[in-house]
Structures are given as structure tokens and as C-alpha cells.
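Undergrad: My file is run.txt. It has compact mmCIF, C-alpha atoms:
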```txt
# COMPACT_ATOMS: atom_id res chain seq x y z
CA MET C 1 7.67 -27.27 -7.28
CA ARG C 2 7.21 -26.53 -10.97
CA THR C 3 10.17 -25.88 -13.24
CA PRO C 4 9.81 -24.21 -16.66
CA LYS C 5 10.13 -26.62 -19.57
CA GLN C 6 12.74 -24.44 -21.22
CA ASN C 7 16.31 -23.98 -20.00
CA VAL C 8 16.00 -20.66 -18.17
CA GLY C 9 19.69 -20.03 -18.61
CA GLU C 10 19.07 -19.86 -22.36
CA ARG C 11 15.63 -18.29 -22.57
CA PRO C 12 13.25 -16.53 -20.21
CA PHE C 13 9.88 -17.89 -19.22
CA ILE C 14 8.43 -14.35 -19.11
CA VAL C 15 9.42 -10.93 -20.45
CA ILE C 16 7.86 -7.83 -18.90
CA TRP C 17 8.03 -4.66 -20.99
CA GLU C 18 7.35 -1.30 -19.35
CA ALA C 19 5.79 0.36 -22.39
CA THR C 20 5.64 3.77 -20.72
CA GLN C 21 5.95 5.39 -17.32
CA ALA C 22 3.05 7.73 -18.07
CA CYS C 23 0.12 7.17 -15.70
CA PRO C 24 -2.50 9.51 -14.22
CA LEU C 25 -2.51 7.61 -10.91
CA ALA C 26 -0.31 8.29 -7.89
CA CYS C 27 -0.03 4.81 -6.37
CA LEU C 28 1.68 4.69 -3.00
CA HIS C 29 3.74 1.62 -3.92
CA CYS C 30 4.74 2.55 -7.49
CA ARG C 31 8.22 1.21 -8.19
CA ALA C 32 8.49 3.48 -11.26
CA SER C 33 7.31 6.69 -9.57
CA ALA C 34 5.13 7.08 -12.67
CA ARG C 35 4.35 10.53 -14.01
CA PRO C 36 1.56 12.17 -16.03
CA ASP C 37 3.45 12.57 -19.32
CA ARG C 38 5.24 10.15 -21.61
CA ASP C 39 9.02 10.17 -21.74
CA ARG C 40 10.32 11.28 -25.13
CA ALA C 41 13.07 8.66 -24.78
CA GLU C 42 10.69 5.68 -24.50
CA LEU C 43 10.89 3.04 -27.21
CA SER C 44 9.14 4.06 -30.43
CA THR C 45 6.61 1.86 -32.19
CA GLU C 46 9.28 0.41 -34.45
CA GLN C 47 11.78 -0.04 -31.63
CA ALA C 48 9.11 -1.81 -29.57
CA THR C 49 8.37 -4.05 -32.56
CA ALA C 50 12.08 -4.82 -32.81
CA LEU C 51 12.06 -5.75 -29.12
CA MET C 52 9.22 -8.18 -29.68
CA MET C 53 11.10 -9.68 -32.62
CA GLN C 54 14.04 -10.25 -30.28
CA VAL C 55 11.74 -11.96 -27.78
CA ALA C 56 10.38 -14.20 -30.55
CA GLU C 57 13.95 -15.16 -31.47
CA PHE C 58 14.27 -17.07 -28.20
CA GLY C 59 12.23 -19.74 -29.96
CA ARG C 60 9.36 -21.99 -29.00
CA PRO C 61 7.62 -22.07 -26.68
CA ALA C 62 7.76 -18.30 -26.88
CA PRO C 63 8.21 -16.43 -23.60
CA LEU C 64 5.12 -14.84 -22.14
CA PHE C 65 5.17 -11.17 -23.13
CA VAL C 66 3.51 -8.74 -20.74
CA ILE C 67 3.02 -5.07 -21.64
CA THR C 68 2.91 -3.01 -18.46
CA GLY C 69 3.61 0.53 -17.34
CA GLY C 70 2.82 3.13 -16.00
CA ASP C 71 -0.42 2.73 -17.88
CA PRO C 72 0.01 1.04 -21.27
CA PHE C 73 -3.17 2.74 -22.53
CA GLN C 74 -1.25 6.03 -22.47
CA ARG C 75 0.44 4.78 -25.64
CA PRO C 76 -1.76 5.35 -28.71
CA ASP C 77 -0.02 2.46 -30.49
CA LEU C 78 -0.92 -0.14 -27.84
CA GLU C 79 -3.43 -2.00 -30.00
CA LEU C 80 -0.98 -2.07 -32.91
CA LEU C 81 1.79 -3.43 -30.70
CA VAL C 82 -0.45 -6.17 -29.31
CA ARG C 83 -1.31 -7.17 -32.88
CA ARG C 84 2.32 -7.21 -33.97
CA GLY C 85 3.38 -9.25 -30.97
CA THR C 86 0.61 -11.74 -31.64
CA GLU C 87 1.63 -12.02 -35.30
CA LEU C 88 5.16 -12.82 -34.12
CA GLY C 89 3.78 -15.74 -32.14
CA LEU C 90 4.07 -14.18 -28.69
CA PRO C 91 1.43 -14.84 -26.02
CA VAL C 92 0.69 -11.18 -25.24
CA SER C 93 -0.88 -9.90 -22.04
CA VAL C 94 -1.51 -6.34 -20.91
CA SER C 95 -1.37 -4.86 -17.41
CA PRO C 96 -3.42 -1.63 -17.52
CA SER C 97 -4.12 0.84 -14.74
CA GLY C 98 -7.60 1.56 -13.45
CA THR C 99 -8.09 4.84 -15.28
CA PRO C 100 -10.87 6.22 -17.53
CA THR C 101 -9.02 4.68 -20.50
CA LEU C 102 -9.84 1.20 -19.13
CA THR C 103 -13.15 0.80 -20.97
CA ARG C 104 -14.99 -2.12 -22.49
CA PRO C 105 -14.28 -0.87 -26.07
CA ALA C 106 -10.57 -0.60 -25.20
CA LEU C 107 -10.54 -4.14 -23.82
CA THR C 108 -12.46 -5.35 -26.87
CA ALA C 109 -9.79 -3.82 -29.10
CA LEU C 110 -7.05 -5.61 -27.16
CA ARG C 111 -8.91 -8.91 -27.44
CA THR C 112 -9.42 -8.42 -31.18
CA ALA C 113 -5.71 -7.58 -31.60
CA GLY C 114 -4.80 -10.90 -29.98
CA ALA C 115 -4.24 -10.20 -26.29
CA ARG C 116 -4.80 -13.33 -24.22
CA ALA C 117 -5.01 -11.88 -20.74
CA VAL C 118 -5.05 -8.75 -18.64
CA SER C 119 -3.80 -8.25 -15.11
CA LEU C 120 -5.67 -5.80 -12.90
CA SER C 121 -4.55 -4.41 -9.57
CA LEU C 122 -6.72 -4.56 -6.48
CA ASP C 123 -5.03 -3.55 -3.24
CA ALA C 124 -7.95 -3.25 -0.84
CA ALA C 125 -11.35 -4.82 -0.44
CA THR C 126 -13.23 -1.51 -0.49
CA ALA C 127 -13.37 1.50 -2.79
CA ALA C 128 -12.10 3.82 -0.06
CA GLY C 129 -9.11 1.61 0.70
CA HIS C 130 -8.14 0.92 -2.88
CA ASP C 131 -8.61 4.49 -4.09
CA GLY C 132 -6.59 5.75 -1.14
CA PHE C 133 -3.79 3.37 -2.11
CA ARG C 134 -3.96 4.47 -5.75
CA GLY C 135 -4.18 8.18 -4.97
CA VAL C 136 -7.20 8.91 -7.18
CA PRO C 137 -10.95 8.47 -6.47
CA GLY C 138 -13.00 6.16 -8.68
CA VAL C 139 -10.21 3.68 -9.47
CA TRP C 140 -11.85 0.80 -7.60
CA ASP C 141 -15.10 1.15 -9.55
CA LEU C 142 -13.25 1.29 -12.87
CA THR C 143 -11.17 -1.77 -11.98
CA MET C 144 -14.14 -3.85 -10.86
CA GLN C 145 -16.06 -3.01 -14.03
CA ALA C 146 -13.02 -3.84 -16.16
CA TRP C 147 -12.78 -7.18 -14.35
CA ARG C 148 -16.36 -8.01 -15.33
CA ASP C 149 -15.88 -6.75 -18.89
CA ALA C 150 -12.62 -8.61 -19.47
CA ALA C 151 -14.10 -11.89 -18.27
CA ASP C 152 -17.18 -11.35 -20.42
CA LEU C 153 -14.98 -10.73 -23.47
CA GLY C 154 -13.10 -13.98 -22.94
CA LEU C 155 -9.87 -12.44 -21.66
CA LYS C 156 -8.11 -14.30 -18.89
CA VAL C 157 -7.86 -12.13 -15.79
CA GLN C 158 -5.06 -12.05 -13.24
CA ILE C 159 -5.55 -9.99 -10.10
CA ASN C 160 -2.49 -8.38 -8.52
CA SER C 161 -2.50 -7.21 -4.90
CA THR C 162 0.36 -5.61 -3.00
CA VAL C 163 0.39 -6.52 0.69
CA THR C 164 1.71 -4.18 3.38
CA ARG C 165 1.18 -3.85 7.12
CA ASP C 166 -1.66 -1.45 6.42
CA ASN C 167 -3.78 -3.72 4.20
CA VAL C 168 -2.78 -7.21 5.34
CA HIS C 169 -6.09 -7.68 7.16
CA ASP C 170 -7.93 -7.20 3.83
CA LEU C 171 -6.43 -10.40 2.40
CA ALA C 172 -9.36 -12.69 3.22
CA GLU C 173 -11.90 -10.29 1.73
CA LEU C 174 -9.73 -9.84 -1.38
CA ALA C 175 -9.50 -13.60 -1.70
CA THR C 176 -13.28 -13.80 -1.45
CA GLN C 177 -13.60 -11.35 -4.34
CA VAL C 178 -11.13 -13.36 -6.42
CA ARG C 179 -13.17 -16.49 -5.77
CA ASP C 180 -16.53 -14.88 -6.43
CA TYR C 181 -15.62 -12.85 -9.53
CA GLY C 182 -13.31 -15.51 -10.92
CA ALA C 183 -9.67 -15.11 -11.96
CA LEU C 184 -7.04 -17.23 -13.63
CA LEU C 185 -4.61 -16.34 -10.87
CA TRP C 186 -4.22 -14.13 -7.81
CA SER C 187 -0.70 -12.73 -7.56
CA VAL C 188 0.15 -11.35 -4.13
CA PHE C 189 3.02 -8.89 -4.31
CA PHE C 190 5.21 -8.47 -1.24
CA LEU C 191 6.35 -4.87 -1.05
CA VAL C 192 9.86 -4.02 -2.20
CA PRO C 193 10.80 -0.60 -0.78
CA THR C 194 11.77 1.08 -4.00
CA GLY C 195 10.28 4.09 -5.80
CA ARG C 196 7.27 5.46 -3.95
CA GLY C 197 7.07 2.16 -2.07
CA GLN C 198 9.80 3.39 0.26
CA GLY C 199 7.11 5.31 2.12
CA LEU C 200 5.03 2.22 2.94
CA ARG C 201 5.36 -0.22 5.83
CA SER C 202 6.52 -3.68 4.77
CA LEU C 203 5.63 -6.83 6.65
CA ASP C 204 8.39 -7.99 8.97
CA ALA C 205 9.85 -11.48 8.66
CA ALA C 206 7.45 -13.09 11.15
CA GLN C 207 4.40 -11.47 9.54
CA THR C 208 5.63 -12.54 6.11
CA GLU C 209 5.93 -16.12 7.31
CA ASP C 210 2.37 -16.02 8.64
CA VAL C 211 0.99 -14.62 5.38
CA LEU C 212 2.89 -17.09 3.19
CA ASN C 213 1.42 -19.97 5.19
CA VAL C 214 -2.07 -18.49 4.86
CA LEU C 215 -1.57 -18.27 1.10
CA TYR C 216 -0.57 -21.92 1.08
CA ASP C 217 -3.83 -22.75 2.87
CA LEU C 218 -5.75 -20.65 0.36
CA GLY C 219 -4.33 -22.70 -2.50
CA GLU C 220 -7.01 -25.29 -1.73
CA THR C 221 -9.61 -22.89 -3.11
CA ILE C 222 -8.08 -20.45 -5.60
CA ALA C 223 -4.94 -20.30 -7.72
CA VAL C 224 -2.48 -18.07 -5.88
CA LYS C 225 1.14 -17.10 -6.43
CA THR C 226 3.55 -14.66 -4.85
CA THR C 227 5.71 -11.96 -6.39
CA GLU C 228 8.97 -10.98 -4.66
CA ALA C 229 8.41 -13.61 -1.98
CA HIS C 230 10.47 -16.47 -3.32
CA HIS C 231 10.50 -18.12 0.09
CA PHE C 232 6.92 -19.15 -0.64
CA ARG C 233 8.56 -22.09 -2.43
CA ARG C 234 10.30 -23.05 0.81
CA VAL C 235 7.01 -22.75 2.71
CA CYS C 236 5.25 -25.01 0.19
CA LEU C 237 7.94 -27.67 0.49
CA GLN C 238 7.80 -27.50 4.28
CA ARG C 239 4.02 -27.68 4.43
CA GLU C 240 3.87 -30.62 2.02
CA ALA C 241 6.45 -32.54 4.05
CA LEU C 242 4.59 -31.82 7.30
CA ALA C 243 1.25 -32.82 5.75
CA ARG C 244 2.66 -36.16 4.66
CA ARG C 245 3.62 -36.86 8.27
CA GLY C 246 0.48 -35.39 9.81
CA ASP C 247 2.51 -32.89 11.86
CA ASP C 248 1.19 -29.63 13.31
CA HIS C 249 2.52 -26.90 11.01
CA VAL C 250 1.46 -24.06 13.31
CA ARG C 251 3.62 -25.38 16.13
CA LEU C 252 6.58 -26.70 14.12
CA LEU C 253 6.84 -23.58 11.96
CA GLY C 254 6.28 -21.22 14.86
CA LEU C 255 3.38 -19.39 13.22
CA GLY C 256 1.97 -16.43 15.09
CA ARG C 257 -1.12 -14.41 15.86
CA LEU C 258 -1.46 -12.96 12.35
CA TYR C 259 -1.58 -16.45 10.86
CA ARG C 260 -4.30 -17.52 13.27
CA HIS C 261 -6.34 -14.38 12.63
CA LEU C 262 -6.15 -14.64 8.84
CA ARG C 263 -6.75 -18.39 8.87
CA ASP C 264 -9.87 -17.94 11.01
CA ASP C 265 -11.06 -15.28 8.54
CA LEU C 266 -10.50 -17.64 5.59
CA ASP C 267 -12.30 -20.46 7.41
CA SER C 268 -15.33 -18.27 8.14
CA ARG C 269 -15.63 -17.45 4.44
CA GLY C 270 -15.39 -21.04 3.25
CA LEU C 271 -12.02 -20.41 1.63
CA THR C 272 -10.26 -23.42 3.13
CA GLY C 273 -10.95 -27.11 3.44
CA THR C 274 -12.62 -27.49 0.05
CA ALA C 275 -12.02 -30.72 -1.86
CA GLY C 276 -11.28 -31.34 -5.50
CA ARG C 277 -8.85 -28.54 -6.37
CA VAL C 278 -5.20 -29.34 -7.03
CA ARG C 279 -2.98 -26.78 -5.32
CA ARG C 280 -0.92 -24.74 -7.79
CA ALA C 281 2.77 -25.42 -7.13
CA PRO C 282 5.08 -22.38 -7.28
CA LEU C 283 7.11 -21.92 -10.45
CA ARG C 284 10.88 -21.83 -10.04
CA VAL C 285 11.39 -18.47 -11.78
CA SER C 286 13.16 -15.45 -10.32
CA ALA C 287 15.06 -12.30 -11.27
CA GLY C 288 17.35 -13.09 -14.20
CA ASN C 289 16.46 -16.74 -13.88
CA GLY C 290 13.51 -17.12 -16.23
CA PHE C 291 12.41 -13.52 -15.71
CA VAL C 292 13.52 -10.34 -17.48
CA PHE C 293 12.24 -6.76 -17.38
CA VAL C 294 12.75 -4.21 -20.15
CA SER C 295 12.21 -0.56 -19.22
CA HIS C 296 10.41 2.06 -21.31
CA ARG C 297 13.84 3.24 -22.51
CA GLY C 298 15.04 -0.26 -23.39
CA ASP C 299 17.21 -0.92 -20.35
CA VAL C 300 17.28 -4.61 -19.40
CA HIS C 301 16.84 -5.49 -15.73
CA PRO C 302 16.52 -8.86 -13.96
CA SER C 303 13.36 -7.50 -12.29
CA GLY C 304 11.30 -4.36 -12.42
CA PHE C 305 12.02 -3.94 -8.71
CA LEU C 306 15.80 -4.26 -9.16
CA PRO C 307 17.07 -0.99 -10.66
CA VAL C 308 20.36 -2.40 -11.97
CA ALA C 309 20.63 -2.65 -15.76
CA ALA C 310 22.69 -5.22 -17.67
CA GLY C 311 22.43 -3.48 -21.04
CA ASN C 312 20.00 -1.84 -23.45
CA VAL C 313 18.13 -3.44 -26.34
CA ARG C 314 18.99 -0.45 -28.53
CA GLN C 315 22.68 -1.38 -28.34
CA ARG C 316 22.70 -5.14 -27.71
CA PRO C 317 20.23 -7.93 -28.48
CA LEU C 318 18.05 -9.02 -25.59
CA ARG C 319 19.09 -12.63 -26.16
CA ASP C 320 22.76 -11.79 -25.60
CA ILE C 321 22.06 -9.70 -22.51
CA TYR C 322 19.88 -12.38 -20.97
CA ARG C 323 22.21 -15.28 -21.72
CA ASP C 324 25.66 -13.78 -21.31
CA SER C 325 25.71 -10.58 -19.26
CA ALA C 326 27.69 -10.75 -16.03
CA LEU C 327 24.68 -9.70 -13.96
CA PHE C 328 22.25 -12.28 -15.34
CA THR C 329 24.69 -15.18 -15.24
CA ALA C 330 25.66 -14.32 -11.66
CA LEU C 331 22.02 -14.31 -10.59
CA ARG C 332 21.75 -17.94 -11.72
CA ASP C 333 24.54 -18.99 -9.36
CA PRO C 334 23.24 -19.76 -5.85
CA GLU C 335 26.83 -19.85 -4.58
CA ARG C 336 26.88 -16.06 -4.84
CA LEU C 337 24.28 -15.68 -2.11
CA GLY C 338 25.41 -14.31 1.23
CA GLY C 339 24.22 -14.39 4.83
CA ARG C 340 21.57 -16.92 5.78
CA CYS C 341 20.55 -17.32 2.13
CA GLY C 342 24.04 -18.54 1.29
CA GLY C 343 23.92 -21.23 3.97
CA CYS C 344 20.29 -22.24 3.48
CA GLU C 345 19.38 -25.72 2.29
CA PHE C 346 16.47 -24.18 0.34
CA ARG C 347 18.64 -21.72 -1.58
CA THR C 348 18.28 -23.41 -4.98
CA ALA C 349 14.50 -23.61 -4.60
CA CYS C 350 14.19 -20.11 -3.19
CA GLY C 351 17.19 -17.78 -3.40
CA GLY C 352 15.33 -14.89 -1.78
CA SER C 353 14.29 -11.63 -3.38
CA ARG C 354 17.40 -10.08 -4.83
CA ALA C 355 15.39 -6.89 -5.39
CA ARG C 356 14.48 -6.58 -1.72
CA ALA C 357 18.01 -7.42 -0.61
CA TYR C 358 19.31 -4.63 -2.85
CA ALA C 359 16.64 -2.13 -1.80
CA VAL C 360 17.24 -2.70 1.92
CA THR C 361 21.01 -3.27 2.04
CA GLY C 362 22.44 -2.08 -1.27
CA ASP C 363 23.86 -5.58 -1.81
CA ILE C 364 22.19 -7.80 -4.41
CA TRP C 365 23.63 -10.92 -2.73
CA ALA C 366 22.61 -10.14 0.84
CA GLU C 367 20.23 -12.43 2.71
CA GLU C 368 16.50 -11.96 2.18
CA PRO C 369 15.46 -9.27 4.72
CA SER C 370 11.86 -10.54 5.02
CA CYS C 371 12.77 -14.17 5.74
CA GLY C 372 13.21 -15.34 9.32
CA TYR C 373 14.05 -18.97 8.56
CA GLN C 374 17.18 -20.29 10.23
CA PRO C 375 19.04 -22.67 7.90
CA GLY C 376 19.03 -26.25 9.08
CA SER C 377 16.12 -25.83 11.49
CA PHE C 378 13.50 -27.72 9.48
CA PRO C 379 13.41 -31.31 10.78
CA TYR C 380 12.77 -33.05 7.45
CA GLN C 381 15.33 -31.43 5.18
CA THR C 382 17.07 -34.75 4.57
CA GLU C 383 13.80 -36.24 3.34
CA LEU C 384 13.34 -33.32 0.94
CA ALA C 385 16.91 -33.64 -0.31
CA LEU C 386 16.55 -37.36 -0.96
CA SER C 387 13.33 -36.75 -2.89
CA GLY C 388 15.17 -34.30 -5.19
CA GLN C 389 13.23 -31.24 -4.05
CA LEU C 390 16.28 -29.38 -2.70
```
Can the structure in the file be given as C-alpha cells, please?

TA:
Amino acid sequence: MRTPKQNVGERPFIVIWEATQACPLACLHCRASARPDRDRAELSTEQATALMMQVAEFGRPAPLFVITGGDPFQRPDLELLVRRGTELGLPVSVSPSGTPTLTRPALTALRTAGARAVSLSLDAATAAGHDGFRGVPGVWDLTMQAWRDAADLGLKVQINSTVTRDNVHDLAELATQVRDYGALLWSVFFLVPTGRGQGLRSLDAAQTEDVLNVLYDLGETIAVKTTEAHHFRRVCLQREALARRGDDHVRLLGLGRLYRHLRDDLDSRGLTGTAGRVRRAPLRVSAGNGFVFVSHRGDVHPSGFLPVAAGNVRQRPLRDIYRDSALFTALRDPERLGGRCGGCEFRTACGGSRARAYAVTGDIWAEEPSCGYQPGSFPYQTELALSGQL
């Protein structure tokens, strides 16, 4: 388990800024329910610059600053904002959509302005699947070309994939593409039913457990992380403890048919069992606890998937909201957790997705709906506690 070097109660590890909600796509999972036109109330160029100055005021090392959307390229000042953020000492990344604006010249301009990385979304292994998910034909081709162009220009590339019941069987092929094309990181998003995502089918708890264990296996080959699946940290701790003892994880963790199917698919593609790569340990960052999201209007949220604001950067400095607001400070207190999360020995390592709890139950502190773990059932919890991992 990796912990940020900075005190996440004082400063975030990462700041996500939704530069605009404008986007020509109609993605089935869009948390923002993005629209074609820009909102007149979105932060202006100068207000966005002021936001970046506030982020820089957290000190060194500066938080990662990610410009997302909607589609950030819908803002004509994007290149200028990347340059200003870079001049302020922020490590700036951009998360564009796969639209006709995502061209090699546009990526070159971002690189020249100082952007370090881009994150691109790929939610199916084929053009038909991905374009169907994104609601517009041609998106897959644009995204794949942008992937090649970004890598050629020296930009680091992160690939984001949202997993649902309808595309879960594409995971091995997506992983193959990540391996073959090359990426700094593959971030697998576990659906939070908010925005348009309410119309999609989430994995149930047992399926989620199977997929998280498959992603652990995949860590032998490629760098993989999860988004809104904080119980991946619990899975990693369990798997490491079982590996040390040589125990059968499939039996002891009660993994099911989906795990076996996906694992067989990974094996057949040479995506498991490779030697020489150090598995990337999950980072202990979660909503309001090292992570902060600022909306296009300046509202400050613990997560982009948690539509509860703690303030607005137009009225109150981001530093004060992050450090002192009642919402953010409460999210750093594991004693607030309810249900199985509240009684779980892994709660400080995991804590569950507060966004999913809120989306499903209306209660931020409710137990994680996509986790089936029964507290106290793992046989080696005492060993983990004594080693300082719980």
C-alpha cells in the first residue's frame, strides 16, 4: 500500500478541474450529462488562472492538476491555461474526449505549453463497442490515433476504461491493447450510477470481487489502478498475505466463474505469469482524502462522482475548503462509516466508495454497495494488523 508523501489532511495529492461540460459526445456513463454548448457560468480564463494559483499555494510537491470535462478542447483558452499552470509549477495533465478536435497539432500544442500527460478513454476493444458506448461513430479511431500521436510526441498516456456488466468480457482484450500500445497506467473505473450512468448495469458485489482479483493478477504485466473501487486495496492486501503463505486465493476468497473466465483469457494472451515487473501498489487516496474535484462553475466536491459541494472557489479559497470544511474533514474520519464498512478491519485502508454509497442509498456514510466482504472473515487479519498494514 502506497501513501502520499504529503499530509493529505493538509493538501491534496491530485486536483481534478472540470474545465467545461461542453462535449459533442453522448457517452452512456457520463457523470456530468455533458451537453453541446459551454455554460456561460463556467470559470473564465482569469478565474481558472486564479484556481491554479490556489492549487500552487498548497506548496511543494505541487498536487497533480488534471484538466478534464466534458471535452477540454471545447475551451479556446486550453493551451493558455496549460501554459499558465505549468508556469505556476503545477504538473498539468489533460483528459480530452475522442472528438475531431483531438488532433496531432492540438496535442503538439499541449505538449509545447507544458502538459506532461493525457488520459484517453477506451471502453471497448472494438470500434463498434466503443463508439456505441460513446454515442458517436468514429470515436474509437480518433482515440487510437491520438494514443499513437501522444506517445510519439513524448506525452505520457493513461488509458481510462469504465467497466459494466455489458463490457466486462472485453477486459482482457483491452488489457492486451494497453500492453501492446504502451501506457503509463490503465485506470479501470467501476461505474457509479450517477448522471447518464444511472441507465447502465453495474457489476454486482461478487462480480466486482472477481474483477478486482483479475486486475491484481494483471499487475504482473501492466500498471493498473482502479477508480471508485477502493476495496481493491483490501484485495491487494489479502492476495499478498495469501501469496506469502502459498494459499489458494480462488478457494479462500470464494472467487467465481467470472474470475476463472477472465483469468483464463489473460493467461491465453500472455498477460499473467511474467517475471521482472514490480506490481504497482494502490495509492491510499480517496474522495476528500488526497483527492478534490472542482466543477466548471467552481464548486468544490470530494469527487466528481459525488455531487455534494463543500464550497465554491469564487467565494472561498480552495485551501480552506479542502482543509477545514465539514464535509472534507468528515470524509477523513473512518469512524463515520456505517454498515459493514464501519465494522470492517480494512476500513482505514479502503473506506469504500462514498460516491457509490451516496448514489445508491442517498447516504454518504453507508456501506459500499459493490463490496461483498464480511468483516472479520479473512483468516490473516491479525498478521496484517501486526505488520502495520491495517

Undergrad: Please determine an axis-aligned box that encloses all atoms of stretch 48-60 of chain C listed in the file, with 8 Å added on each side, and express its centre and edge lengths in Å to one decimal as AutoDock Vina command-line options.

TA:
```
--center_x 11.3 --center_y -11.9 --center_z -30.3 --size_x 21.9 --size_y 36.2 --size_z 21.0
```

Undergrad: Would you work out the distance separating atom CA of C:Asp37 from atom CA of C:Arg75, expressed in Å to one decimal?

TA: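 Separation of atom CA of C:Asp37 and atom CA of C:Arg75: 10.5 Å.
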
Undergrad: Can you pull out every residue within 8 Å of stretch 326-336 of chain C, counting all atoms listed in the file, but drop anything in the same chain fewer than 4 positions away, and send it as number ranges by chain?

TA: C: 9, 287-289, 302, 310, 321-322, 342, 347-348, 351, 365

Undergrad: Please measure the separation of atom CA of C:Met144 and atom CA of C:Thr103, giving the value in Å to one decimal.

TA: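 Between these atoms lies a distance of 11.2 Å.
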
Undergrad: Out of C:Arg340, C:Arg263, C:Arg356, C:Arg280, which residue has the shortest atom-to-atom distance to C:Thr194 when counting only C-alpha atoms?

TA: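 Residue with the minimum atom-to-atom distance to C:Thr194: C:Arg356.
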
Undergrad: Hey, what's within 10 Å of C:Ser97 if we count all atoms listed in the file and toss same-chain stuff fewer than 6 positions away? As number ranges by chain, please?

TA: C: 23-25, 68-74, 119-121, 134, 139, 142-143
